[in-house]
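Undergrad: Handing over work02.cif, mmCIF, C-alpha atoms.
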data_target
#
loop_
_atom_site.label_atom_id
_atom_site.label_comp_id
_atom_site.auth_asym_id
_atom_site.auth_seq_id
_atom_site.Cartn_x
_atom_site.Cartn_y
_atom_site.Cartn_z
CA MET A 1 72.35 101.28 122.88
CA ILE A 2 71.37 103.51 119.98
CA TYR A 3 74.06 103.52 117.32
CA PHE A 4 73.95 106.57 115.06
CA ASP A 5 77.54 106.50 113.83
CA SER A 6 77.32 104.43 110.69
CA ALA A 7 79.16 107.04 108.64
CA ALA A 8 82.21 105.85 110.59
CA THR A 9 81.39 102.13 110.70
CA THR A 10 78.10 100.29 110.44
CA LEU A 11 78.09 98.37 113.68
CA LEU A 12 74.75 96.78 112.94
CA LYS A 13 75.23 94.43 110.01
CA PRO A 14 73.20 91.70 108.36
CA PRO A 15 73.61 88.48 110.42
CA GLN A 16 75.03 86.65 107.42
CA VAL A 17 78.04 89.03 107.43
CA TYR A 18 79.10 87.88 110.91
CA ALA A 19 78.51 84.23 109.95
CA ALA A 20 80.52 84.53 106.75
CA ALA A 21 83.51 86.16 108.44
CA ASP A 22 83.47 83.47 111.11
CA TYR A 23 83.25 80.70 108.50
CA ALA A 24 86.10 82.13 106.43
CA MET A 25 88.34 82.41 109.47
CA LYS A 26 87.92 78.69 110.06
CA HIS A 27 88.00 77.33 106.51
CA PHE A 28 89.88 79.62 104.13
CA SER A 29 93.61 80.08 103.61
CA SER A 30 95.55 82.18 101.08
CA PRO A 31 93.92 82.72 97.67
CA GLY A 32 96.15 82.00 94.68
CA ARG A 33 98.85 80.51 96.85
CA GLY A 34 97.99 76.84 96.60
CA GLY A 35 95.93 74.19 94.86
CA HIS A 36 94.59 72.67 98.07
CA GLU A 37 90.99 73.09 99.17
CA PRO A 38 91.36 75.92 101.71
CA ALA A 39 93.29 77.98 99.14
CA VAL A 40 90.81 77.19 96.38
CA PHE A 41 87.87 78.08 98.64
CA ALA A 42 89.58 81.37 99.47
CA ALA A 43 90.20 82.11 95.80
CA GLU A 44 86.57 81.41 94.95
CA SER A 45 85.40 83.63 97.79
CA VAL A 46 87.54 86.54 96.62
CA PHE A 47 86.32 86.00 93.05
CA ALA A 48 82.70 85.98 94.21
CA CYS A 49 83.21 89.28 96.03
CA ARG A 50 84.81 90.83 92.94
CA THR A 51 81.84 89.70 90.90
CA LEU A 52 79.34 91.23 93.33
CA ALA A 53 81.29 94.50 93.53
CA GLY A 54 81.55 94.63 89.75
CA LYS A 55 77.79 94.22 89.52
CA LEU A 56 77.00 96.89 92.11
CA PHE A 57 79.51 99.43 90.78
CA ASP A 58 79.25 98.78 87.06
CA ALA A 59 82.83 97.62 86.65
CA ASP A 60 84.59 94.62 85.13
CA LEU A 61 85.68 92.30 87.86
CA ASN A 62 89.34 92.71 86.94
CA GLN A 63 88.86 96.38 87.78
CA VAL A 64 87.94 95.58 91.38
CA VAL A 65 90.97 95.82 93.68
CA PHE A 66 90.68 94.91 97.35
CA THR A 67 92.28 97.23 99.88
CA MET A 68 92.35 97.60 103.65
CA ASN A 69 89.97 100.55 103.64
CA ALA A 70 89.09 103.65 101.62
CA THR A 71 92.16 105.51 102.85
CA HIS A 72 94.41 102.76 101.51
CA ALA A 73 92.51 102.85 98.22
CA LEU A 74 92.78 106.64 97.99
CA ASN A 75 96.52 106.51 98.69
CA ILE A 76 96.99 104.12 95.77
CA ALA A 77 94.86 106.29 93.51
CA ILE A 78 96.49 109.57 94.51
CA ALA A 79 100.02 108.24 94.07
CA SER A 80 98.97 107.04 90.61
CA VAL A 81 97.62 110.35 89.34
CA ALA A 82 99.83 112.98 90.98
CA GLY A 83 103.35 113.63 92.18
CA LYS A 84 105.48 116.31 93.77
CA GLY A 85 104.60 119.80 92.61
CA ASP A 86 101.58 118.68 90.59
CA GLU A 87 98.44 120.77 90.82
CA VAL A 88 95.38 118.84 91.95
CA VAL A 89 91.87 120.26 92.23
CA ILE A 90 89.86 118.98 95.18
CA SER A 91 86.42 119.82 96.49
CA GLY A 92 85.78 121.94 99.54
CA PHE A 93 84.47 118.89 101.37
CA GLU A 94 87.38 116.46 101.29
CA HIS A 95 88.40 114.16 104.09
CA ASN A 96 91.97 113.99 105.40
CA ALA A 97 92.21 110.69 103.50
CA VAL A 98 92.58 112.93 100.44
CA ARG A 99 94.20 116.02 101.93
CA ARG A 100 97.02 114.28 103.78
CA PRO A 101 98.23 111.94 101.02
CA LEU A 102 98.34 114.93 98.66
CA HIS A 103 100.39 116.85 101.22
CA LEU A 104 102.64 113.85 101.77
CA ILE A 105 103.57 113.58 98.10
CA GLY A 106 104.06 117.34 97.83
CA ALA A 107 101.20 118.04 95.46
CA LYS A 108 99.73 121.53 95.27
CA THR A 109 96.01 121.56 96.03
CA VAL A 110 93.42 123.96 94.70
CA VAL A 111 90.05 123.87 96.47
CA ALA A 112 86.88 124.15 94.39
CA GLY A 113 83.34 124.65 95.68
CA ARG A 114 82.92 125.86 99.22
CA HIS A 115 79.15 126.34 99.34
CA LEU A 116 77.27 123.66 101.22
CA PHE A 117 74.30 122.03 99.44
CA ASP A 118 74.90 124.12 96.32
CA PRO A 119 75.80 121.74 93.49
CA GLU A 120 75.56 124.45 90.84
CA ASP A 121 78.17 126.52 92.65
CA THR A 122 80.31 123.42 93.14
CA LEU A 123 80.23 122.64 89.44
CA ARG A 124 80.92 126.24 88.43
CA SER A 125 83.85 126.34 90.80
CA PHE A 126 85.37 123.14 89.39
CA GLU A 127 84.92 124.53 85.89
CA LYS A 128 86.79 127.66 86.96
CA GLN A 129 89.59 125.93 88.85
CA ILE A 130 90.45 123.18 86.36
CA SER A 131 93.19 124.59 84.15
CA PRO A 132 95.87 123.26 81.80
CA ARG A 133 98.06 122.91 84.90
CA THR A 134 95.59 120.54 86.57
CA LYS A 135 97.08 117.10 86.84
CA ALA A 136 94.05 115.46 88.46
CA VAL A 137 90.73 116.12 90.15
CA ILE A 138 89.86 114.40 93.41
CA CYS A 139 86.33 114.73 94.67
CA THR A 140 84.23 113.16 97.34
CA HIS A 141 80.82 111.98 96.21
CA VAL A 142 79.22 112.77 99.57
CA SER A 143 80.57 114.87 102.44
CA ASN A 144 81.24 112.72 105.48
CA VAL A 145 80.31 115.63 107.74
CA PHE A 146 77.18 117.09 106.15
CA GLY A 147 75.94 114.36 103.81
CA TYR A 148 76.13 116.88 100.98
CA ILE A 149 75.82 115.03 97.66
CA LEU A 150 78.22 116.66 95.22
CA PRO A 151 77.30 116.69 91.50
CA ILE A 152 79.74 113.91 90.74
CA GLU A 153 78.35 112.91 87.34
CA GLU A 154 78.60 116.49 86.10
CA ILE A 155 82.11 116.83 87.55
CA ALA A 156 83.03 113.54 85.84
CA ASP A 157 81.67 114.89 82.57
CA LEU A 158 83.71 118.06 83.03
CA CYS A 159 86.87 116.03 83.68
CA ARG A 160 86.27 113.92 80.58
CA ARG A 161 85.86 117.05 78.45
CA LYS A 162 89.03 118.55 79.89
CA HIS A 163 90.94 115.25 79.75
CA VAL A 164 91.78 115.35 83.45
CA PRO A 165 91.78 112.09 85.45
CA LEU A 166 89.18 111.99 88.19
CA VAL A 167 89.44 110.16 91.50
CA ILE A 168 86.17 109.75 93.38
CA ASP A 169 85.99 109.17 97.10
CA ALA A 170 82.82 107.11 97.42
CA SER A 171 83.25 106.44 101.14
CA GLN A 172 79.85 107.87 102.01
CA SER A 173 77.99 106.98 98.83
CA ALA A 174 78.83 103.35 98.10
CA GLY A 175 75.75 101.40 99.15
CA ILE A 176 73.63 104.56 99.41
CA LEU A 177 73.72 106.09 95.92
CA PRO A 178 74.35 104.62 92.46
CA VAL A 179 78.10 104.51 91.84
CA SER A 180 79.34 103.56 88.39
CA LEU A 181 82.91 103.27 87.19
CA LYS A 182 81.86 103.03 83.55
CA LYS A 183 79.33 105.86 83.59
CA THR A 184 81.63 108.33 85.33
CA GLY A 185 84.72 107.24 83.43
CA ALA A 186 86.68 107.97 86.61
CA ALA A 187 90.29 106.91 86.77
CA PHE A 188 89.68 105.48 90.23
CA ILE A 189 86.83 105.17 92.71
CA ALA A 190 87.72 104.40 96.32
CA MET A 191 85.41 103.10 99.05
CA PRO A 192 85.46 101.29 102.38
CA GLY A 193 83.76 97.95 102.93
CA HIS A 194 82.80 98.62 106.54
CA LYS A 195 80.39 101.51 106.14
CA SER A 196 77.33 101.29 103.90
CA LEU A 197 78.48 98.10 102.22
CA TYR A 198 78.01 96.40 105.60
CA GLY A 199 81.29 94.47 105.44
CA PRO A 200 83.81 93.94 108.24
CA GLN A 201 86.45 96.52 109.08
CA GLY A 202 89.72 96.05 107.23
CA THR A 203 88.00 95.86 103.86
CA GLY A 204 88.00 98.41 101.07
CA ILE A 205 87.66 98.57 97.32
CA LEU A 206 89.45 100.53 94.65
CA LEU A 207 87.75 100.49 91.26
CA CYS A 208 90.39 101.04 88.60
CA SER A 209 89.96 102.17 85.01
CA GLY A 210 93.67 101.58 84.47
CA VAL A 211 96.58 99.92 86.21
CA PRO A 212 97.64 101.94 89.27
CA LYS A 213 101.17 102.39 90.55
CA PRO A 214 101.76 99.82 93.27
CA LEU A 215 101.76 101.41 96.71
CA ILE A 216 103.30 98.28 98.20
CA ALA A 217 105.10 95.45 96.46
CA GLY A 218 105.25 91.78 97.27
CA GLY A 219 103.84 88.37 96.48
CA THR A 220 100.77 88.17 94.32
CA GLY A 221 100.57 84.49 93.43
CA SER A 222 101.43 85.39 89.84
CA LEU A 223 104.60 85.85 87.75
CA SER A 224 106.68 84.89 90.77
CA LYS A 225 109.99 84.82 88.90
CA ASP A 226 109.70 88.51 88.04
CA ILE A 227 111.26 91.13 90.30
CA ASP A 228 108.64 93.67 89.21
CA MET A 229 105.05 93.68 90.32
CA PRO A 230 102.61 92.31 87.72
CA ASP A 231 101.44 94.99 85.32
CA PHE A 232 97.87 93.73 85.16
CA LEU A 233 94.80 94.14 87.33
CA PRO A 234 93.96 93.26 90.01
CA ASP A 235 97.35 91.75 90.90
CA ALA A 236 99.26 95.02 90.31
CA ALA A 237 97.66 96.52 93.41
CA GLU A 238 97.11 93.47 95.61
CA ALA A 239 100.46 92.44 97.08
CA GLY A 240 100.30 90.12 100.07
CA THR A 241 97.62 87.81 101.35
CA HIS A 242 94.13 89.23 101.07
CA ASN A 243 91.89 89.86 104.03
CA VAL A 244 89.85 86.82 103.04
CA THR A 245 87.90 86.80 106.29
CA GLY A 246 86.82 90.37 105.67
CA ILE A 247 86.22 89.88 101.96
CA HIS A 248 83.98 86.87 102.58
CA GLY A 249 81.96 88.96 105.00
CA LEU A 250 81.92 91.85 102.56
CA SER A 251 80.36 89.57 99.94
CA GLU A 252 77.38 89.13 102.22
CA GLY A 253 77.20 92.88 102.76
CA LEU A 254 77.23 93.44 99.00
CA ARG A 255 74.50 90.83 98.54
CA PHE A 256 72.45 92.65 101.17
CA VAL A 257 72.83 95.98 99.37
CA LEU A 258 72.10 94.43 95.97
CA SER A 259 69.00 92.67 97.27
CA HIS A 260 67.52 95.79 98.92
CA GLY A 261 68.76 98.29 96.35
CA VAL A 262 70.53 101.54 97.11
CA HIS A 263 67.39 103.63 96.55
CA THR A 264 65.44 101.71 99.18
CA ILE A 265 68.29 101.91 101.68
CA ARG A 266 68.72 105.63 101.11
CA ALA A 267 64.99 106.27 101.40
CA LYS A 268 64.92 104.65 104.83
CA GLU A 269 67.89 106.62 106.09
CA ASP A 270 66.46 109.78 104.59
CA LEU A 271 63.25 109.35 106.56
CA LEU A 272 65.19 109.22 109.82
CA LYS A 273 67.33 112.18 108.84
CA ARG A 274 64.31 114.33 107.99
CA TYR A 275 62.61 113.48 111.24
CA LEU A 276 65.69 114.28 113.31
CA ALA A 277 66.47 117.47 111.40
CA CYS A 278 62.94 118.70 112.00
CA GLU A 279 62.95 117.84 115.70
CA ILE A 280 66.45 119.13 116.49
CA ALA A 281 65.71 122.41 114.73
CA LYS A 282 62.87 122.98 117.22
CA LEU A 283 65.29 122.87 120.16
CA PRO A 284 66.48 126.28 121.33
CA GLY A 285 70.07 127.16 120.44
CA PHE A 286 70.58 124.34 117.93
CA ARG A 287 71.76 124.84 114.36
CA VAL A 288 71.04 121.95 111.97
CA TYR A 289 72.54 121.48 108.50
CA GLU A 290 69.79 119.92 106.43
CA ASN A 291 68.84 119.91 102.79
CA ASP A 292 65.90 118.29 101.03
CA LYS A 293 67.51 117.35 97.74
CA HIS A 294 71.26 117.16 98.04
CA GLN A 295 71.85 115.24 101.24
CA THR A 296 72.11 111.61 102.32
CA GLY A 297 71.27 110.35 105.79
CA VAL A 298 74.22 112.12 107.39
CA LEU A 299 73.20 115.05 109.54
CA SER A 300 75.35 117.57 111.39
CA PHE A 301 74.33 120.03 114.05
CA TRP A 302 75.75 122.07 116.88
CA SER A 303 74.42 123.86 119.91
CA GLU A 304 75.08 127.23 121.45
CA ASN A 305 74.54 125.62 124.83
CA ALA A 306 77.31 123.02 124.82
CA ASP A 307 80.54 122.12 123.12
CA CYS A 308 80.10 119.37 120.52
CA GLU A 309 82.37 116.90 122.26
CA THR A 310 80.59 117.54 125.55
CA LEU A 311 77.25 117.00 123.88
CA ALA A 312 78.42 113.72 122.33
CA GLN A 313 79.79 112.59 125.69
CA ARG A 314 76.46 113.34 127.40
CA LEU A 315 74.66 111.38 124.71
CA SER A 316 77.13 108.53 125.14
CA GLU A 317 76.34 108.45 128.85
CA GLN A 318 72.71 107.88 127.81
CA GLY A 319 73.71 105.00 125.53
CA ILE A 320 73.70 106.95 122.28
CA CYS A 321 76.65 106.74 119.88
CA VAL A 322 77.37 109.74 117.65
CA ARG A 323 80.50 111.38 116.29
CA ALA A 324 81.57 114.89 117.29
CA GLY A 325 84.35 117.28 116.34
CA LEU A 326 85.88 117.82 112.92
CA HIS A 327 85.34 114.31 111.56
CA CYS A 328 88.84 114.27 109.97
CA ALA A 329 87.53 116.80 107.46
CA PRO A 330 88.68 120.30 108.43
CA ILE A 331 88.25 121.51 104.84
CA ALA A 332 84.55 120.68 104.99
CA HIS A 333 84.19 122.53 108.28
CA GLU A 334 86.03 125.55 106.87
CA SER A 335 83.64 125.51 103.92
CA ALA A 336 80.57 125.36 106.15
CA GLY A 337 81.89 127.84 108.72
CA THR A 338 82.01 125.27 111.52
CA ILE A 339 85.77 124.95 111.88
CA ASP A 340 85.69 126.61 115.31
CA THR A 341 82.68 124.81 116.72
CA GLY A 342 82.85 121.44 115.01
CA THR A 343 79.57 119.58 114.79
CA VAL A 344 77.79 116.60 116.21
CA ARG A 345 77.09 114.12 113.42
CA VAL A 346 74.36 111.52 113.36
CA SER A 347 74.34 108.87 110.64
CA PHE A 348 72.20 105.83 110.07
CA CYS A 349 72.06 102.36 108.63
CA TRP A 350 69.31 100.05 107.49
CA TYR A 351 68.66 98.74 111.00
CA ASN A 352 67.97 102.06 112.70
CA THR A 353 64.35 102.86 113.55
CA LEU A 354 62.09 105.85 114.01
CA ARG A 355 61.67 104.80 117.63
CA GLU A 356 65.41 105.20 118.13
CA ALA A 357 65.24 108.64 116.51
CA GLU A 358 62.47 109.63 118.96
CA GLU A 359 64.56 108.41 121.90
CA PHE A 360 67.52 110.37 120.53
CA VAL A 361 65.51 113.61 120.53
CA ASN A 362 64.35 113.02 124.09
CA SER A 363 67.93 112.37 125.19
CA LEU A 364 69.18 115.46 123.41
CA LYS A 365 66.66 117.55 125.32
CA ASN A 366 68.25 116.30 128.54
CA CYS A 367 71.80 117.19 127.50
CA MET B 1 93.55 60.80 78.28
CA LEU B 2 94.24 63.80 76.11
CA TYR B 3 93.29 67.25 77.33
CA TYR B 4 94.04 70.89 76.71
CA GLU B 5 95.31 73.50 79.12
CA PHE B 6 95.07 77.25 78.74
CA THR B 7 97.49 79.19 80.92
CA PHE B 8 96.78 82.54 82.56
CA ARG B 9 99.03 84.91 84.46
CA SER B 10 96.08 86.14 86.52
CA LEU B 11 94.02 83.99 88.84
CA THR B 12 91.08 86.36 88.43
CA THR B 13 91.13 86.12 84.63
CA SER B 14 91.36 82.34 84.82
CA GLN B 15 88.34 82.28 87.13
CA LEU B 16 86.45 84.50 84.74
CA GLY B 17 87.46 82.19 81.87
CA ARG B 18 86.32 79.15 83.80
CA ASN B 19 82.88 80.71 84.33
CA VAL B 20 82.58 81.67 80.67
CA LEU B 21 83.43 78.13 79.60
CA LEU B 22 80.97 76.63 82.08
CA SER B 23 78.29 78.96 80.73
CA ALA B 24 79.07 77.65 77.26
CA GLY B 25 78.63 74.09 78.48
CA ILE B 26 82.33 73.27 78.61
CA ASP B 27 83.60 71.71 81.80
CA ALA B 28 86.81 73.43 82.82
CA GLU B 29 88.96 72.70 85.82
CA LEU B 30 91.00 75.53 87.31
CA LEU B 31 94.42 74.47 88.56
CA ARG B 32 97.77 75.97 89.33
CA ALA B 33 100.08 75.60 86.36
CA SER B 34 102.79 72.95 86.48
CA ALA B 35 106.43 74.01 86.38
CA SER B 36 106.60 73.10 82.70
CA THR B 37 103.77 75.44 81.72
CA SER B 38 103.93 78.21 84.29
CA GLY B 39 106.43 80.32 82.35
CA ARG B 40 107.48 83.19 84.65
CA GLY B 41 106.30 81.38 87.76
CA CYS B 42 102.95 81.02 89.54
CA ALA B 43 100.32 80.84 86.86
CA TYR B 44 96.95 79.18 86.44
CA VAL B 45 95.49 76.80 83.90
CA LEU B 46 92.06 75.92 82.71
CA ARG B 47 91.99 72.24 81.81
CA VAL B 48 89.37 70.95 79.37
CA SER B 49 88.98 67.55 77.80
CA GLY B 50 90.56 66.92 74.41
CA ALA B 51 87.21 67.00 72.68
CA TYR B 52 86.59 70.62 73.72
CA GLY B 53 89.99 72.24 73.25
CA VAL B 54 89.32 74.12 70.04
CA ARG B 55 85.82 75.14 71.06
CA ALA B 56 87.09 76.37 74.42
CA ALA B 57 89.68 78.53 72.69
CA THR B 58 86.99 80.00 70.46
CA VAL B 59 84.72 80.78 73.42
CA LEU B 60 87.54 82.43 75.35
CA HIS B 61 88.61 84.53 72.37
CA SER B 62 85.07 85.62 71.61
CA SER B 63 84.57 86.63 75.26
CA GLY B 64 87.69 88.78 75.26
CA ILE B 65 89.47 86.52 77.72
CA PHE B 66 93.07 86.11 76.70
CA TYR B 67 95.23 83.23 77.83
CA SER B 68 99.01 83.27 77.66
CA HIS B 69 99.58 79.86 76.08
CA SER B 70 97.65 76.77 75.15
CA TYR B 71 98.93 73.23 75.45
CA ARG B 72 97.85 69.83 74.37
CA ILE B 73 98.66 67.49 77.24
CA PHE B 74 99.34 63.92 76.26
CA PRO B 75 98.82 60.86 78.48
CA GLY B 76 101.68 60.87 80.97
CA GLY B 77 101.43 64.64 81.33
CA ILE B 78 103.72 65.68 78.50
CA PRO B 79 102.76 69.14 77.21
CA GLU B 80 102.96 70.32 73.64
CA GLU B 81 102.28 73.97 72.95
CA VAL B 82 99.56 74.49 70.39
CA PHE B 83 98.35 77.72 68.88
CA LEU B 84 94.59 77.87 69.08
#
Show the structure stored in the file as structure tokens.

TA:
Amino acid sequence: MIYFDSAATTLLKPPQVYAAADYAMKHFSSPGRGGHEPAVFAAESVFACRTLAGKLFDADLNQVVFTMNATHALNIAIASVAGKGDEVVISGFEHNAVRRPLHLIGAKTVVAGRHLFDPEDTLRSFEKQISPRTKAVICTHVSNVFGYILPIEEIADLCRRKHVPLVIDASQSAGILPVSLKKTGAAFIAMPGHKSLYGPQGTGILLCSGVPKPLIAGGTGSLSKDIDMPDFLPDAAEAGTHNVTGIHGLSEGLRFVLSHGVHTIRAKEDLLKRYLACEIAKLPGFRVYENDKHQTGVLSFWSENADCETLAQRLSEQGICVRAGLHCAPIAHESAGTIDTGTVRVSFCWYNTLREAEEFVNSLKNC
Amino acid sequence: MLYYEFTFRSLTTSQLGRNVLLSAGIDAELLRASASTSGRGCAYVLRVSGAYGVRAATVLHSSGIFYSHSYRIFPGGIPEEVFL
């Protein structure tokens, strides 16, 4: 099998991630809920993961909140910065994990920056759309469809100057690009653990500059006599028993990323992306969305000769895993003009090889 | 044996405090707070030996790690709140 769908979930993970999750399942209980060894081991494991995440994302470890996934993290962040009728500026490349929660709470969205791989236009558009009515800005760091790297540091700077809280969706950048809570000054940064951080599914992180509104309430192992949720981090946003099994595995994923470095990981994925972009572009009837400077290892394409879902199914029959369709990001497809066709997306991880990329091209020729 | 306990509302902050104390050469044991010192329920303590109580408080303060209360614990487990 060739797995080129790591933008959804990295299936191929460092071996120590599997071992850690297995170990935690057998030895750890609920952190902060007891003084016995399994509870203490669990608490130390969660603390270790916070420490690693704080190191990778330039945050204090109290600012690291564990969630189920990036969507969960984004829902907490969005409910903390906006409410019914509030105007929120979002990029033209947002995932439904941003669009739907905003719709659910009744916020009014204004879309900024529709031009793919054009960070100057994106920045200009944010500058134009942020007004005194803007309650918050929510922006993805990298498009999950096209790998477009948005100018997040400049957007963060703009938000600071305009005193507008910024929420960053780092789902496709955490583990690939430098992500810093302190440098951006973002109100919140949300990310999954199961993509480029190489953790198990069911893990996510919300980096918090301030205390968010609790999305769910419940036991935290602190201030138990109080009817209200604790007003301090991370407890304020971590009701219920943690996913300790996942978090222990995520620690190993974070160690893997820290030991290799995000630049090295990105460079490897970039090599594969460039090769594939070049080869697919040679095929008749194919349109490839590639950019030298402003793209990670996420590549979208479509073909005049076959529907995207059909193409993905034919690849699947040859043992190749890709993602086709709208990728839960219709706004991004509207921006790129692919809302009617959708795209086939290939995305990589550290363990993919050039040989696999060559096999992919040969298989695509047979589709 | 006399020892000191520093109480924390947050497990994470108490873990951070424990690591700071260990880095400063002060052995600190992290425990769940007893009913008499837990205040509003479910809290955590860092326990250090009597000889290191004042120094531990200084290290925690200087590291920006704030505990809720500090206690001197007498033999037999009787706590007396102290203000370090």

Undergrad: Name the residues captured by the PyMOL selection byres ((chain B and resi 29) around 12) when it is applied to the shown file; answer as a tab-separated table (two decimals) with C-alpha atoms, in the frame of the given file.

TA:
chain	number	residue	atom	x	y	z
A	35	GLY	CA	95.93	74.19	94.86
A	40	VAL	CA	90.81	77.19	96.38
B	3	TYR	CA	93.29	67.25	77.33
B	4	TYR	CA	94.04	70.89	76.71
B	5	GLU	CA	95.31	73.50	79.12
B	6	PHE	CA	95.07	77.25	78.74
B	7	THR	CA	97.49	79.19	80.92
B	14	SER	CA	91.36	82.34	84.82
B	15	GLN	CA	88.34	82.28	87.13
B	17	GLY	CA	87.46	82.19	81.87
B	18	ARG	CA	86.32	79.15	83.80
B	19	ASN	CA	82.88	80.71	84.33
B	21	LEU	CA	83.43	78.13	79.60
B	22	LEU	CA	80.97	76.63	82.08
B	26	ILE	CA	82.33	73.27	78.61
B	27	ASP	CA	83.60	71.71	81.80
B	28	ALA	CA	86.81	73.43	82.82
B	30	LEU	CA	91.00	75.53	87.31
B	31	LEU	CA	94.42	74.47	88.56
B	32	ARG	CA	97.77	75.97	89.33
B	33	ALA	CA	100.08	75.60	86.36
B	44	TYR	CA	96.95	79.18	86.44
B	45	VAL	CA	95.49	76.80	83.90
B	46	LEU	CA	92.06	75.92	82.71
B	47	ARG	CA	91.99	72.24	81.81
B	48	VAL	CA	89.37	70.95	79.37
B	49	SER	CA	88.98	67.55	77.80

Undergrad: Give me the chain A side of the contact with chain B, cut-off 9 Å, one line per residue showing its nearest atom pair and distance in Å at one decimal, counting all atoms listed in the file, sorted by chain and residue number, as JSON lines.

TA:
{"residue": "A:Pro31", "atom": "CA", "partner": "B:Leu11", "partner_atom": "CA", "distance": 8.9}
{"residue": "A:Gly32", "atom": "CA", "partner": "B:Leu11", "partner_atom": "CA", "distance": 6.5}
{"residue": "A:Arg33", "atom": "CA", "partner": "B:Cys42", "partner_atom": "CA", "distance": 8.4}
{"residue": "A:Gly34", "atom": "CA", "partner": "B:Arg32", "partner_atom": "CA", "distance": 7.3}
{"residue": "A:Gly35", "atom": "CA", "partner": "B:Arg32", "partner_atom": "CA", "distance": 6.1}
{"residue": "A:Ala43", "atom": "CA", "partner": "B:Leu11", "partner_atom": "CA", "distance": 8.2}
{"residue": "A:Glu44", "atom": "CA", "partner": "B:Gln15", "partner_atom": "CA", "distance": 8.1}
{"residue": "A:Val46", "atom": "CA", "partner": "B:Thr12", "partner_atom": "CA", "distance": 8.9}
{"residue": "A:Phe47", "atom": "CA", "partner": "B:Thr12", "partner_atom": "CA", "distance": 6.6}
{"residue": "A:Arg50", "atom": "CA", "partner": "B:Thr12", "partner_atom": "CA", "distance": 8.9}
{"residue": "A:Leu61", "atom": "CA", "partner": "B:Thr12", "partner_atom": "CA", "distance": 8.0}
{"residue": "A:Asn62", "atom": "CA", "partner": "B:Thr12", "partner_atom": "CA", "distance": 6.8}
{"residue": "A:Thr220", "atom": "CA", "partner": "B:Cys42", "partner_atom": "CA", "distance": 8.9}
{"residue": "A:Gly221", "atom": "CA", "partner": "B:Cys42", "partner_atom": "CA", "distance": 5.7}
{"residue": "A:Ser222", "atom": "CA", "partner": "B:Cys42", "partner_atom": "CA", "distance": 4.6}
{"residue": "A:Leu223", "atom": "CA", "partner": "B:Gly41", "partner_atom": "CA", "distance": 4.8}
{"residue": "A:Ser224", "atom": "CA", "partner": "B:Gly41", "partner_atom": "CA", "distance": 4.6}
{"residue": "A:Lys225", "atom": "CA", "partner": "B:Gly41", "partner_atom": "CA", "distance": 5.2}
{"residue": "A:Asp226", "atom": "CA", "partner": "B:Arg40", "partner_atom": "CA", "distance": 6.7}
{"residue": "A:Pro230", "atom": "CA", "partner": "B:Arg9", "partner_atom": "CA", "distance": 8.8}
{"residue": "A:Phe232", "atom": "CA", "partner": "B:Ser10", "partner_atom": "CA", "distance": 7.9}
{"residue": "A:Leu233", "atom": "CA", "partner": "B:Ser10", "partner_atom": "CA", "distance": 8.1}
{"residue": "A:Pro234", "atom": "CA", "partner": "B:Thr12", "partner_atom": "CA", "distance": 7.6}
{"residue": "A:Asp235", "atom": "CA", "partner": "B:Ser10", "partner_atom": "CA", "distance": 7.2}

Undergrad: Record the distance separating atom CA of A:His36 and atom CA of A:Gly240, expressed in Å with one decimal.

TA: 18.5 Å

Undergrad: Mind listing as a PyMOL selection string all residues within 9 Å of (105.2, 66.0, 82.6), counting only C-alpha atoms?

TA: chain B and resi 34-36+73-74+76-79

Undergrad: Give as an MDAnalysis selection string the residues that the PyMOL selection byres ((chain A and resi 289) around 8) matches when applied to the coordinates above.

TA: chainID A and resid 146 277 287:288 290:291 299:301

Undergrad: Could you state the separation of atom CA of A:Thr341 and atom CA of A:Asp169 in Å, given to one decimal place?

TA: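 Separating atom CA of A:Thr341 from atom CA of A:Asp169 is a distance of 25.3 Å.
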
Undergrad: Fewer than 3 positions away in the same chain doesn't count, so skip those; otherwise give me all residues within 9 Å of A:Val98, counting all atoms listed in the file, as a PyMOL selection string.

TA: chain A and resi 71+74-75+78+90+94-95+101-103+138-140+169

Undergrad: Using the chain letters and numbers from the file, which residues does the PyMOL selection byres ((chain A and resi 184) around 9) grab, as a PyMOL selection string?

TA: chain A and resi 152-157+160+166+179-183+185-187

Undergrad: Do you know which residues are at most 8 Å from A:Leu272 counting only C-alpha atoms, after dropping those on the same chain fewer than 3 positions away, and could you put them as a list in words?

TA: Lys268, Glu269, Tyr275, Leu276, Gly297, Phe348, Thr353, Leu354 and Ala357 of chain A
